[in-house]
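Quick look at work.txt (compact mmCIF, C-alpha atoms):
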```
# COMPACT_ATOMS: atom_id res chain seq x y z
CA MET A 1 150.02 -112.96 -117.38
CA ALA A 2 149.78 -116.57 -116.29
CA THR A 3 151.89 -117.21 -113.19
CA ASP A 4 153.25 -120.32 -111.53
CA ALA A 5 150.42 -119.86 -109.05
CA GLY A 6 148.03 -120.62 -111.92
CA THR A 7 146.28 -117.26 -111.88
CA ALA A 8 146.01 -114.63 -114.60
CA ILE A 9 147.21 -111.29 -113.21
CA PRO A 10 145.44 -108.39 -114.94
CA ARG A 11 147.37 -105.57 -116.53
CA PHE A 12 147.73 -102.66 -114.11
CA PRO A 13 147.11 -99.04 -115.20
CA PRO A 14 149.74 -97.41 -117.40
CA GLY A 15 152.51 -95.85 -115.35
CA PHE A 16 152.01 -98.13 -112.35
CA LEU A 17 155.26 -98.24 -110.34
CA TRP A 18 156.81 -101.63 -109.50
CA GLY A 19 159.68 -101.94 -107.05
CA VAL A 20 161.38 -103.71 -104.17
CA SER A 21 162.42 -102.45 -100.74
CA THR A 22 165.26 -102.79 -98.22
CA SER A 23 166.59 -100.83 -95.24
CA ALA A 24 170.10 -99.68 -94.38
CA HIS A 25 170.58 -101.36 -91.01
CA GLN A 26 169.26 -104.67 -92.32
CA ILE A 27 171.59 -105.00 -95.32
CA GLU A 28 174.51 -102.56 -95.33
CA GLY A 29 176.87 -103.99 -92.72
CA ALA A 30 180.14 -102.01 -92.45
CA ALA A 31 179.11 -101.01 -88.95
CA GLU A 32 182.68 -100.03 -88.11
CA GLU A 33 182.54 -97.35 -90.82
CA ARG A 34 179.71 -95.37 -89.24
CA GLU A 35 178.55 -94.04 -85.89
CA PRO A 36 176.52 -96.46 -83.74
CA SER A 37 172.73 -96.53 -83.83
CA VAL A 38 170.23 -97.53 -81.16
CA TRP A 39 170.09 -100.91 -82.88
CA ASP A 40 173.82 -101.48 -82.39
CA VAL A 41 173.38 -100.77 -78.69
CA PHE A 42 170.26 -102.95 -78.46
CA THR A 43 171.72 -106.00 -80.20
CA ALA A 44 174.83 -105.87 -78.00
CA GLY A 45 172.65 -106.84 -75.04
CA PRO A 46 172.18 -110.54 -74.23
CA GLY A 47 168.97 -112.28 -75.28
CA ARG A 48 167.58 -109.46 -77.36
CA VAL A 49 168.01 -111.07 -80.79
CA LYS A 50 166.69 -114.56 -81.40
CA ASP A 51 169.92 -116.04 -82.77
CA GLY A 52 172.25 -113.73 -80.86
CA SER A 53 173.37 -112.02 -84.07
CA THR A 54 174.00 -108.40 -85.01
CA ALA A 55 173.91 -106.42 -88.25
CA ALA A 56 177.63 -105.63 -88.15
CA VAL A 57 178.09 -107.40 -91.51
CA ALA A 58 174.51 -108.24 -92.57
CA CYS A 59 174.54 -108.59 -96.39
CA ASP A 60 177.60 -106.33 -96.73
CA HIS A 61 175.63 -104.22 -99.19
CA TYR A 62 177.94 -101.29 -98.36
CA HIS A 63 180.75 -103.06 -100.23
CA ARG A 64 178.64 -105.14 -102.65
CA TYR A 65 176.09 -102.53 -103.76
CA ARG A 66 177.11 -102.81 -107.42
CA GLU A 67 176.29 -106.52 -107.38
CA ASP A 68 172.94 -105.74 -105.76
CA VAL A 69 172.09 -103.02 -108.27
CA ALA A 70 172.83 -105.55 -111.03
CA LEU A 71 170.26 -107.84 -109.40
CA LEU A 72 167.75 -104.98 -109.45
CA ALA A 73 168.45 -104.30 -113.12
CA GLY A 74 168.09 -107.99 -113.92
CA LEU A 75 164.81 -108.09 -112.06
CA GLY A 76 163.47 -105.25 -114.18
CA VAL A 77 161.96 -103.13 -111.41
CA ASP A 78 161.17 -99.47 -111.98
CA ALA A 79 162.28 -98.37 -108.54
CA TYR A 80 164.34 -99.35 -105.53
CA ARG A 81 163.24 -98.25 -102.07
CA PHE A 82 166.24 -98.19 -99.72
CA SER A 83 166.94 -96.22 -96.57
CA VAL A 84 169.61 -93.66 -95.76
CA SER A 85 171.37 -94.42 -92.48
CA TRP A 86 171.39 -91.30 -90.32
CA PRO A 87 174.44 -92.57 -88.35
CA ARG A 88 176.31 -93.20 -91.61
CA VAL A 89 175.57 -89.74 -92.98
CA ASN A 90 176.88 -88.36 -89.66
CA SER A 91 180.17 -90.20 -90.21
CA PRO A 92 183.12 -89.01 -92.34
CA GLY A 93 182.57 -90.04 -95.95
CA GLY A 94 179.24 -91.68 -95.12
CA ALA A 95 177.18 -89.61 -97.55
CA ASP A 96 179.61 -90.59 -100.30
CA PHE A 97 178.20 -94.11 -100.19
CA TYR A 98 174.72 -92.88 -101.06
CA ASP A 99 176.17 -90.75 -103.85
CA ARG A 100 177.72 -93.88 -105.33
CA LEU A 101 174.57 -95.96 -104.82
CA VAL A 102 172.29 -93.38 -106.44
CA ASP A 103 174.67 -92.97 -109.38
CA GLU A 104 174.72 -96.74 -109.87
CA LEU A 105 170.92 -96.94 -109.74
CA CYS A 106 170.48 -94.11 -112.22
CA ALA A 107 172.98 -95.71 -114.59
CA ALA A 108 170.99 -98.96 -114.38
CA GLY A 109 167.70 -97.19 -115.12
CA VAL A 110 166.29 -97.87 -111.63
CA ARG A 111 164.64 -94.98 -109.80
CA PRO A 112 166.13 -94.35 -106.33
CA VAL A 113 163.46 -93.97 -103.62
CA PRO A 114 165.23 -93.26 -100.32
CA THR A 115 163.55 -93.55 -96.94
CA LEU A 116 165.10 -91.00 -94.60
CA PHE A 117 164.45 -92.83 -91.32
CA HIS A 118 164.05 -96.59 -90.96
CA TRP A 119 164.53 -97.14 -87.20
CA ASP A 120 168.35 -96.75 -86.99
CA LEU A 121 168.38 -93.63 -84.83
CA PRO A 122 171.85 -92.34 -83.86
CA ALA A 123 172.68 -93.80 -80.46
CA ASP A 124 173.03 -90.38 -78.82
CA LEU A 125 169.48 -89.29 -79.78
CA ASP A 126 166.10 -90.14 -78.25
CA TRP A 127 162.60 -89.83 -79.71
CA LEU A 128 161.32 -88.93 -76.24
CA ASP A 129 163.20 -85.67 -76.77
CA ARG A 130 161.33 -83.17 -78.95
CA ASP A 131 164.61 -81.78 -80.28
CA THR A 132 165.19 -85.04 -82.16
CA ALA A 133 162.49 -83.98 -84.63
CA ALA A 134 164.41 -80.78 -85.40
CA ARG A 135 167.67 -82.71 -85.64
CA PHE A 136 166.00 -85.03 -88.14
CA ALA A 137 164.94 -82.07 -90.30
CA ASP A 138 168.57 -80.92 -90.37
CA HIS A 139 169.64 -84.43 -91.45
CA VAL A 140 167.01 -84.44 -94.20
CA ALA A 141 168.24 -81.09 -95.50
CA VAL A 142 171.80 -82.45 -95.72
CA VAL A 143 170.68 -85.57 -97.63
CA ALA A 144 168.41 -83.61 -99.97
CA ASP A 145 171.23 -81.19 -100.77
CA ARG A 146 173.53 -84.11 -101.55
CA LEU A 147 171.15 -86.31 -103.57
CA GLY A 148 168.34 -84.05 -104.72
CA ASP A 149 169.75 -83.50 -108.20
CA ARG A 150 169.15 -87.21 -108.94
CA VAL A 151 166.49 -88.27 -106.42
CA HIS A 152 162.95 -87.13 -107.10
CA THR A 153 160.85 -89.46 -104.92
CA TRP A 154 161.31 -89.35 -101.14
CA ILE A 155 159.93 -91.17 -98.10
CA THR A 156 160.24 -89.43 -94.74
CA LEU A 157 159.69 -92.18 -92.13
CA ASN A 158 159.13 -95.91 -92.09
CA GLU A 159 156.54 -97.39 -89.74
CA PRO A 160 156.52 -94.95 -86.81
CA ALA A 161 153.79 -97.13 -85.27
CA GLU A 162 156.06 -100.16 -84.97
CA HIS A 163 159.03 -98.08 -83.84
CA THR A 164 156.82 -96.63 -81.09
CA LEU A 165 155.06 -99.82 -80.04
CA LEU A 166 157.83 -102.40 -80.40
CA GLY A 167 160.77 -100.20 -79.47
CA HIS A 168 159.34 -97.99 -76.76
CA ALA A 169 156.09 -99.51 -75.46
CA ILE A 170 156.82 -103.25 -75.13
CA GLY A 171 160.62 -103.36 -75.51
CA ALA A 172 160.90 -105.99 -78.26
CA HIS A 173 162.93 -103.71 -80.55
CA ALA A 174 165.53 -101.00 -80.04
CA PRO A 175 165.87 -99.04 -77.86
CA GLY A 176 164.17 -101.71 -75.71
CA ARG A 177 161.95 -99.56 -73.49
CA ARG A 178 158.75 -100.85 -71.85
CA LEU A 179 156.82 -97.63 -71.39
CA LEU A 180 153.38 -98.80 -72.56
CA PHE A 181 151.27 -95.63 -72.98
CA ASP A 182 154.07 -93.40 -71.74
CA ALA A 183 155.58 -94.06 -75.20
CA LEU A 184 153.02 -91.77 -76.85
CA PRO A 185 155.46 -88.80 -77.03
CA VAL A 186 157.62 -90.99 -79.29
CA ALA A 187 154.72 -91.22 -81.73
CA HIS A 188 154.14 -87.47 -81.65
CA HIS A 189 157.79 -86.55 -82.09
CA GLN A 190 158.16 -88.91 -85.06
CA LEU A 191 155.07 -87.42 -86.70
CA LEU A 192 156.44 -83.94 -86.05
CA ALA A 193 159.73 -85.06 -87.60
CA HIS A 194 157.79 -86.19 -90.67
CA GLY A 195 156.18 -82.77 -91.08
CA LEU A 196 159.46 -80.95 -90.58
CA ALA A 197 161.09 -83.29 -93.10
CA VAL A 198 158.40 -82.52 -95.67
CA ARG A 199 159.13 -78.82 -95.20
CA ALA A 200 162.88 -79.39 -95.56
CA LEU A 201 162.36 -81.42 -98.73
CA ARG A 202 160.04 -78.79 -100.21
CA ALA A 203 162.65 -76.14 -99.47
CA ALA A 204 165.12 -78.26 -101.44
CA GLY A 205 162.71 -78.39 -104.40
CA ALA A 206 161.20 -81.86 -103.89
CA THR A 207 157.80 -82.42 -105.44
CA ASP A 208 157.23 -86.14 -104.83
CA ILE A 209 157.08 -86.96 -101.10
CA GLY A 210 155.37 -89.67 -99.07
CA ILE A 211 155.49 -91.52 -95.76
CA ALA A 212 155.49 -95.32 -95.24
CA ASN A 213 152.99 -96.18 -92.51
CA SER A 214 152.08 -99.75 -91.59
CA HIS A 215 148.39 -100.57 -91.58
CA GLY A 216 146.08 -103.56 -91.40
CA PRO A 217 142.42 -104.28 -90.62
CA ALA A 218 141.55 -104.90 -86.98
CA TRP A 219 139.07 -107.77 -86.77
CA PRO A 220 137.01 -108.24 -83.58
CA ALA A 221 137.48 -111.69 -82.08
CA SER A 222 133.67 -111.94 -81.74
CA PRO A 223 130.55 -109.76 -82.04
CA GLU A 224 130.59 -109.28 -78.27
CA PRO A 225 130.74 -105.57 -77.35
CA ALA A 226 133.96 -105.98 -75.35
CA ASP A 227 135.75 -107.52 -78.33
CA VAL A 228 134.37 -104.93 -80.75
CA GLU A 229 135.48 -102.14 -78.44
CA ALA A 230 138.97 -103.64 -78.08
CA ALA A 231 139.33 -103.99 -81.87
CA GLY A 232 138.25 -100.38 -82.28
CA PHE A 233 140.91 -99.24 -79.86
CA TYR A 234 143.56 -101.32 -81.62
CA ASP A 235 142.50 -99.74 -84.94
CA LEU A 236 142.85 -96.31 -83.35
CA LEU A 237 146.28 -97.09 -81.92
CA LEU A 238 147.88 -98.76 -84.96
CA ASN A 239 146.01 -97.16 -87.86
CA ARG A 240 144.21 -93.92 -87.06
CA LEU A 241 146.81 -92.49 -84.64
CA PHE A 242 149.42 -92.40 -87.41
CA ALA A 243 147.22 -91.75 -90.45
CA GLU A 244 144.92 -88.98 -89.26
CA PRO A 245 147.50 -86.40 -88.13
CA VAL A 246 149.09 -86.69 -91.58
CA LEU A 247 145.91 -86.85 -93.64
CA LEU A 248 143.46 -84.79 -91.57
CA GLY A 249 145.65 -82.64 -89.34
CA THR A 250 143.94 -84.00 -86.22
CA TYR A 251 144.43 -86.75 -83.68
CA PRO A 252 141.62 -89.23 -83.05
CA GLU A 253 139.31 -88.09 -80.26
CA GLY A 254 140.96 -88.30 -76.86
CA MET A 255 144.53 -88.74 -78.14
CA GLY A 256 145.62 -85.15 -78.71
CA GLU A 257 145.50 -84.25 -75.03
CA LEU A 258 147.89 -87.12 -74.29
CA MET A 259 150.59 -85.67 -76.55
CA PRO A 260 153.33 -83.27 -75.42
CA GLY A 261 153.86 -79.64 -76.39
CA ASP A 262 151.64 -77.28 -78.38
CA VAL A 263 149.75 -80.03 -80.18
CA GLU A 264 147.57 -77.71 -82.26
CA ALA A 265 150.62 -75.92 -83.66
CA ASP A 266 152.48 -79.19 -84.20
CA LEU A 267 149.57 -80.68 -86.13
CA LYS A 268 149.83 -77.89 -88.68
CA VAL A 269 153.40 -79.06 -89.34
CA ILE A 270 152.53 -82.77 -89.27
CA ALA A 271 149.78 -82.21 -91.85
CA GLU A 272 152.06 -80.65 -94.46
CA PRO A 273 150.58 -82.09 -97.69
CA VAL A 274 152.18 -85.22 -99.07
CA ASP A 275 152.04 -86.22 -102.73
CA TRP A 276 151.16 -89.82 -101.96
CA TYR A 277 150.58 -92.05 -98.95
CA GLY A 278 152.65 -95.19 -98.41
CA VAL A 279 151.09 -98.31 -96.90
CA ASN A 280 153.04 -101.29 -95.57
CA TYR A 281 150.67 -104.28 -95.42
CA TYR A 282 151.28 -107.76 -94.07
CA ALA A 283 148.09 -109.10 -92.39
CA PRO A 284 144.99 -108.18 -90.43
CA THR A 285 144.99 -108.56 -86.64
CA ARG A 286 142.26 -110.39 -84.72
CA VAL A 287 141.67 -108.48 -81.50
CA GLY A 288 139.68 -109.21 -78.39
CA ALA A 289 139.11 -107.86 -74.91
CA PRO A 290 142.01 -108.10 -72.45
CA GLN A 291 142.52 -111.61 -71.09
CA GLY A 292 144.61 -110.70 -68.08
CA THR A 293 147.69 -112.52 -69.36
CA ASP A 294 150.41 -111.91 -71.93
CA THR A 295 149.55 -113.05 -75.46
CA GLU A 296 151.79 -114.16 -78.31
CA PHE A 297 151.51 -112.61 -81.76
CA GLY A 298 153.91 -113.04 -84.68
CA GLY A 299 156.80 -113.91 -82.41
CA LEU A 300 156.06 -111.01 -80.04
CA THR A 301 154.78 -111.02 -76.49
CA VAL A 302 151.91 -108.55 -76.07
CA PRO A 303 151.80 -107.60 -72.38
CA ALA A 304 148.67 -107.96 -70.30
CA GLY A 305 148.64 -104.27 -69.37
CA LEU A 306 147.15 -103.19 -72.71
CA PRO A 307 143.37 -102.75 -73.20
CA PHE A 308 143.22 -105.50 -75.83
CA SER A 309 144.56 -108.97 -76.55
CA VAL A 310 145.69 -110.39 -79.87
CA ARG A 311 144.08 -113.66 -80.98
CA GLU A 312 144.91 -116.21 -83.65
CA ILE A 313 143.24 -115.89 -87.07
CA GLU A 314 142.12 -119.48 -87.54
CA GLY A 315 141.72 -121.40 -90.77
CA ARG A 316 144.42 -119.51 -92.67
CA PRO A 317 147.83 -120.63 -93.89
CA VAL A 318 150.70 -118.94 -92.09
CA THR A 319 154.17 -117.86 -93.17
CA ASP A 320 157.32 -119.17 -91.51
CA PHE A 321 156.99 -116.15 -89.21
CA GLY A 322 153.57 -117.40 -88.12
CA TRP A 323 151.78 -114.49 -89.76
CA PRO A 324 148.41 -115.36 -91.34
CA VAL A 325 148.13 -115.09 -95.13
CA VAL A 326 145.08 -112.90 -95.80
CA PRO A 327 145.40 -111.17 -99.18
CA GLU A 328 141.81 -109.91 -99.16
CA GLY A 329 142.77 -107.92 -96.07
CA LEU A 330 144.74 -105.63 -98.39
CA THR A 331 141.63 -104.91 -100.45
CA GLU A 332 139.62 -104.36 -97.27
CA LEU A 333 142.24 -102.01 -95.86
CA LEU A 334 142.51 -99.84 -98.95
CA THR A 335 138.80 -99.59 -99.64
CA GLY A 336 138.24 -98.87 -95.95
CA PHE A 337 140.76 -96.04 -96.04
CA ARG A 338 139.06 -94.62 -99.11
CA GLU A 339 135.69 -94.72 -97.34
CA ARG A 340 137.11 -93.27 -94.11
CA TYR A 341 139.19 -90.42 -95.57
CA GLY A 342 137.59 -89.73 -98.95
CA GLU A 343 139.22 -86.93 -100.88
CA ARG A 344 141.71 -86.37 -98.06
CA LEU A 345 143.42 -89.63 -99.01
CA PRO A 346 146.07 -88.90 -101.66
CA PRO A 347 147.23 -91.53 -104.17
CA VAL A 348 148.45 -94.67 -102.39
CA VAL A 349 151.65 -96.65 -102.90
CA ILE A 350 152.15 -100.06 -101.27
CA THR A 351 155.63 -99.44 -99.91
CA GLU A 352 156.00 -102.92 -98.37
CA ASN A 353 154.34 -106.29 -98.82
CA GLY A 354 156.04 -109.64 -98.45
CA CYS A 355 156.49 -112.83 -96.46
CA SER A 356 159.03 -115.05 -94.72
CA TYR A 357 159.65 -118.49 -96.22
CA GLU A 358 162.70 -120.72 -96.36
CA GLY A 359 164.22 -122.16 -99.53
CA VAL A 360 165.35 -121.01 -102.94
CA ASP A 361 162.46 -122.78 -104.70
CA ASP A 362 160.03 -120.62 -102.75
CA GLN A 363 156.69 -121.49 -104.30
CA ASP A 364 154.85 -120.36 -101.15
CA ARG A 365 156.22 -116.84 -101.66
CA ILE A 366 155.05 -116.88 -105.27
CA THR A 367 151.57 -117.92 -104.15
CA TYR A 368 151.57 -115.18 -101.51
CA LEU A 369 152.71 -112.40 -103.84
CA ASP A 370 150.39 -113.52 -106.62
CA ALA A 371 147.39 -113.37 -104.29
CA HIS A 372 148.33 -109.96 -102.91
CA VAL A 373 148.89 -108.44 -106.34
CA GLN A 374 145.44 -109.75 -107.29
CA ALA A 375 143.98 -108.22 -104.11
CA LEU A 376 145.65 -104.91 -104.92
CA TYR A 377 144.12 -104.92 -108.38
CA ARG A 378 140.67 -105.48 -106.84
CA ALA A 379 141.19 -102.36 -104.72
CA ILE A 380 141.98 -100.39 -107.87
CA GLU A 381 138.85 -101.78 -109.51
CA ALA A 382 136.90 -100.60 -106.45
CA GLY A 383 138.10 -97.05 -107.04
CA VAL A 384 141.19 -96.70 -104.83
CA ASP A 385 143.89 -94.64 -106.53
CA VAL A 386 146.90 -96.95 -106.12
CA ARG A 387 150.05 -95.91 -107.98
CA GLY A 388 152.69 -98.48 -107.01
CA TYR A 389 153.72 -101.72 -105.29
CA PHE A 390 157.03 -102.56 -103.59
CA VAL A 391 157.89 -106.10 -102.51
CA TRP A 392 159.63 -106.58 -99.18
CA SER A 393 162.39 -107.47 -99.73
CA LEU A 394 165.02 -107.59 -102.46
CA MET A 395 167.15 -110.00 -100.42
CA ASP A 396 167.30 -111.93 -97.18
CA ASN A 397 168.64 -109.72 -94.41
CA PHE A 398 168.97 -109.03 -90.69
CA GLU A 399 165.35 -109.29 -89.57
CA TRP A 400 165.59 -107.10 -86.46
CA ALA A 401 164.94 -109.08 -83.24
CA GLU A 402 164.64 -112.28 -85.28
CA GLY A 403 168.23 -111.95 -86.50
CA TYR A 404 168.91 -114.13 -89.53
CA THR A 405 166.19 -116.68 -88.75
CA ARG A 406 163.59 -115.19 -91.14
CA ARG A 407 163.98 -114.83 -94.88
CA PHE A 408 161.87 -112.26 -96.73
CA GLY A 409 164.04 -111.92 -99.84
CA LEU A 410 163.49 -112.55 -103.52
CA VAL A 411 167.24 -113.22 -103.45
CA HIS A 412 168.75 -115.79 -101.10
CA VAL A 413 171.80 -114.66 -99.14
CA ASP A 414 174.26 -117.16 -97.66
CA PHE A 415 175.27 -115.30 -94.51
CA GLU A 416 178.55 -117.21 -94.30
CA THR A 417 179.80 -116.52 -97.84
CA LEU A 418 177.43 -113.61 -98.68
CA GLU A 419 176.70 -115.28 -102.02
CA ARG A 420 173.47 -114.05 -103.62
CA THR A 421 171.17 -116.54 -105.38
CA PRO A 422 167.94 -115.39 -107.04
CA LYS A 423 165.01 -117.48 -105.83
CA ALA A 424 162.09 -118.81 -107.86
CA SER A 425 160.11 -115.77 -106.68
CA TYR A 426 162.72 -113.44 -108.20
CA HIS A 427 162.19 -115.06 -111.60
CA TRP A 428 158.41 -115.02 -111.13
CA PHE A 429 158.40 -111.31 -110.30
CA ARG A 430 160.66 -110.59 -113.28
CA GLU A 431 158.19 -112.32 -115.59
CA LEU A 432 155.29 -110.41 -114.03
CA LEU A 433 157.05 -107.11 -114.70
CA ARG A 434 157.88 -108.07 -118.27
CA ALA A 435 154.24 -108.90 -118.91
CA GLN A 436 152.94 -105.72 -117.31
CA ARG A 437 154.75 -103.02 -119.27
CA PRO A 438 158.11 -101.59 -120.33
CA PRO A 439 160.31 -100.80 -117.31
CA SER A 440 161.10 -97.12 -118.04
CA GLN A 441 158.62 -94.73 -116.41
CA GLY A 442 160.24 -91.33 -115.95
CA SER A 443 160.47 -89.49 -112.67
CA GLY A 444 158.13 -89.26 -109.70
CA VAL A 445 155.28 -91.45 -108.56
CA PRO A 446 153.15 -91.97 -111.69
CA ARG A 447 150.12 -89.74 -111.99
```

Please go through the file and, once you have read it, give me the structure as structure tokens.
Amino acid sequence: MATDAGTAIPRFPPGFLWGVSTSAHQIEGAAEEREPSVWDVFTAGPGRVKDGSTAAVACDHYHRYREDVALLAGLGVDAYRFSVSWPRVNSPGGADFYDRLVDELCAAGVRPVPTLFHWDLPADLDWLDRDTAARFADHVAVVADRLGDRVHTWITLNEPAEHTLLGHAIGAHAPGRRLLFDALPVAHHQLLAHGLAVRALRAAGATDIGIANSHGPAWPASPEPADVEAAGFYDLLLNRLFAEPVLLGTYPEGMGELMPGDVEADLKVIAEPVDWYGVNYYAPTRVGAPQGTDTEFGGLTVPAGLPFSVREIEGRPVTDFGWPVVPEGLTELLTGFRERYGERLPPVVITENGCSYEGVDDQDRITYLDAHVQALYRAIEAGVDVRGYFVWSLMDNFEWAEGYTRRFGLVHVDFETLERTPKASYHWFRELLRAQRPPSQGSGVPR
């Protein structure tokens, strides 16, 4: 198709899955109708969210979900990736909401793709505690029993790397800990929770399971050995540490002995086979040797105590978040994963890709998405088995520590009136989907 960006987007393979993503804490609101999460506790503290806001109301999706499903139907997506709030399911009547949402999606011809953990841990639990992984498996079993007759595609965890690094290592996200490398048990317990969740879903009859890990190329700041070494460590910490236990059943060299418990036995659980591998991609990271001072990256402060520093990627446009726009990084990432993991890499789904820009006539978002869809197609041409693409996000929402100051949505939300207004990018994506293929695809990630 010809897009407003002036580029012809090729036709993707038959059965390719097109969707959009959200998460419970960022859009649902109705906080008084569920148990508190670590994010409720975190945002209650002064100075932790840029605009001092909370997600108590957010987009009020809990009460306006029918309106939002109508937006999905109008958009013409095949699938909707949302998350199931663990604190809400723990609350009286909480699971009923997801029953209603899934029924509404099925009636609209939109495939429900729930993520079972997207950072909103119940406030009385702690990922430093190994038992939280077992508690998560129990939660998954409850949700699968409730929704499994209509839900066929499942995601266990969203971005355990960010939840570990931002929430437990540098304290920028909930629960706000600054443990640096003492946060590694959080990574291990989340990965163990993933494996236990896969087992619980299999026991409930699920045959279409993935995980949504965030990944991006790590670019050395220079050819100097110290910068190359630092970039390699960053790649290990943000990419390999979370991919290889799932895909290979091993930790990168030197990392396993830093993890708690019987790591060898745990890895057998973590490596339970998945049917596809989800990748959240936003940008590469330019990495250099430590500079001895804190560095700023994408609105975050990276402390000096880490064995790397994050540098600016020069000569690139940036989003309103300050993130560089590097669509070819998506091609590089996917082809690199294919080279690194070979036949151990299952089919890939891009479970998040998007950008923050202001305005309803959001031509910059159209340009961004156009370029990334093109880059994804080039990865397919290069032999990567990619089965789907989800835009982040359906609508503007509570953007974690940034509050309501960043807008990632295809739909504009007025946070005073909660009025929804489809943006230019919503209409662009709708036309892309119409040009690609009919919307009905059947169940499961296409094969």

Exercise. Please identify all polymer residues within 9 Å of Val102 of chain A, counting all atoms listed in the file, omitting same-chain residues fewer than 6 positions from it, and present them as a list in words.
Key: Arg111, Pro112, Leu147, Arg150 and Val151 of chain A

Practice problem: Write out as an NGL selection string each polymer residue whose atoms come within 12 Å of Gly19 of chain A, counting all atoms listed in the file; drop sequence neighbours fewer than 4 positions from it. | Solution: :A and (72-73 or 75-82 or 110-113 or 349-353 or 387-394 or 410 or 426 or 429-430 or 432-433 or 439 or 441 or 445)

Quiz item: Which protein, DNA or RNA residues have an atom at most 9 Å from (147.4, -101.3, -113.6), counting only C-alpha atoms? List them as JSON, numbers by chain.
Solution: {"A": [10, 11, 12, 13, 14, 15, 16, 377, 380, 386, 387, 388, 436]}

Practice problem: Using all atoms listed in the file, determine which residues lie at most 6 Å from segment 238-254 of chain A, disregarding the query and same-chain residues fewer than 4 positions distant; provide the list as a ChimeraX atom specification. | Solution: /A:215,267,270-271

Produce a table with one row for each residue of segment 155-271 of chain A that has an atom at most 7 Å from any atom of segment 286-297 of chain A, each row naming the nearest atom pair and its distance in Å at one decimal; use only C-alpha atoms; arrange rows by chain and rising residue number; format as a Markdown table.
```
| residue | atom | partner | partner_atom | distance |
| --- | --- | --- | --- | --- |
| A:Ala218 | CA | A:Arg286 | CA | 6.0 |
| A:Trp219 | CA | A:Arg286 | CA | 4.6 |
| A:Pro220 | CA | A:Val287 | CA | 5.1 |
| A:Ala221 | CA | A:Gly288 | CA | 5.0 |
| A:Ala226 | CA | A:Ala289 | CA | 5.5 |
| A:Asp227 | CA | A:Gly288 | CA | 4.3 |
| A:Ala230 | CA | A:Ala289 | CA | 5.3 |
| A:Ala231 | CA | A:Val287 | CA | 5.1 |
```

Quiz item: Given the choices A:Leu180, A:Leu192, A:Ala108, A:Ala283, which gets closest to Arg135 of chain A if the distance is worked out from only C-alpha atoms?
Solution: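 Of A:Leu180, A:Leu192, A:Ala108, A:Ala283, the one nearest Arg135 of chain A, counting only C-alpha atoms, is A:Leu192.
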
Exercise. Determine, counting all atoms listed in the file, which protein, DNA and RNA residues have an atom within 12 Å of an atom of Ala206 of chain A; residues of the same chain fewer than 2 positions away are not included. Present the result as a PyMOL selection string.
Key: chain A and resi 140-141+143-145+147-156+197-204+208-210+274-275+443-444

Neighbours of Gly29 of chain A within 8 Å (only C-alpha atoms; same-chain residues fewer than 5 positions away dropped), as a PDB file with C-alpha atoms, keeping the file's coordinate frame?
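Once written, out-v5.pdb looks like this:
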```
ATOM      1  CA  ALA A  55     173.910-106.420 -88.250  1.00  0.00           C
ATOM      2  CA  ALA A  56     177.630-105.630 -88.150  1.00  0.00           C
ATOM      3  CA  VAL A  57     178.090-107.400 -91.510  1.00  0.00           C
ATOM      4  CA  ALA A  58     174.510-108.240 -92.570  1.00  0.00           C
ATOM      5  CA  CYS A  59     174.540-108.590 -96.390  1.00  0.00           C
ATOM      6  CA  ASP A  60     177.600-106.330 -96.730  1.00  0.00           C
ATOM      7  CA  HIS A  61     175.630-104.220 -99.190  1.00  0.00           C
ATOM      8  CA  TYR A  62     177.940-101.290 -98.360  1.00  0.00           C
TER       9      TYR A  62
END
```

Quiz item: For Ser222 of chain A, which residue out of A:Ala435, A:Ala401, A:Ala44, A:Ile313 is the nearest one, using only C-alpha atoms?
Solution: A:Ile313

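Counting from atom CA of Pro273 of chain A, the distance to atom CA of Thr115 of chain A is 17.3 Å.
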
Practice problem: Calculate how many Å separate atom CA of Tyr282 of chain A from atom CA of Pro225 of chain A, rounding to one decimal. | Solution: 26.6 Å

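Our summary of the geometry notes that atom CA of Arg338 of chain A is positioned 17.1 Å from atom CA of Ile211 of chain A.
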
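Considering the residues A:Glu33, A:Val20, A:Ala161, A:Val384 and counting all atoms listed in the file, Tyr341 of chain A has its shortest atom-to-atom contact with A:Val384.
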
Practice problem: Can you work out which one of A:Ala375, A:Leu306, A:Ala107, A:Leu418 has the shortest atom-to-atom distance to Ile9 of chain A, counting all atoms listed in the file? | Solution: A:Ala375
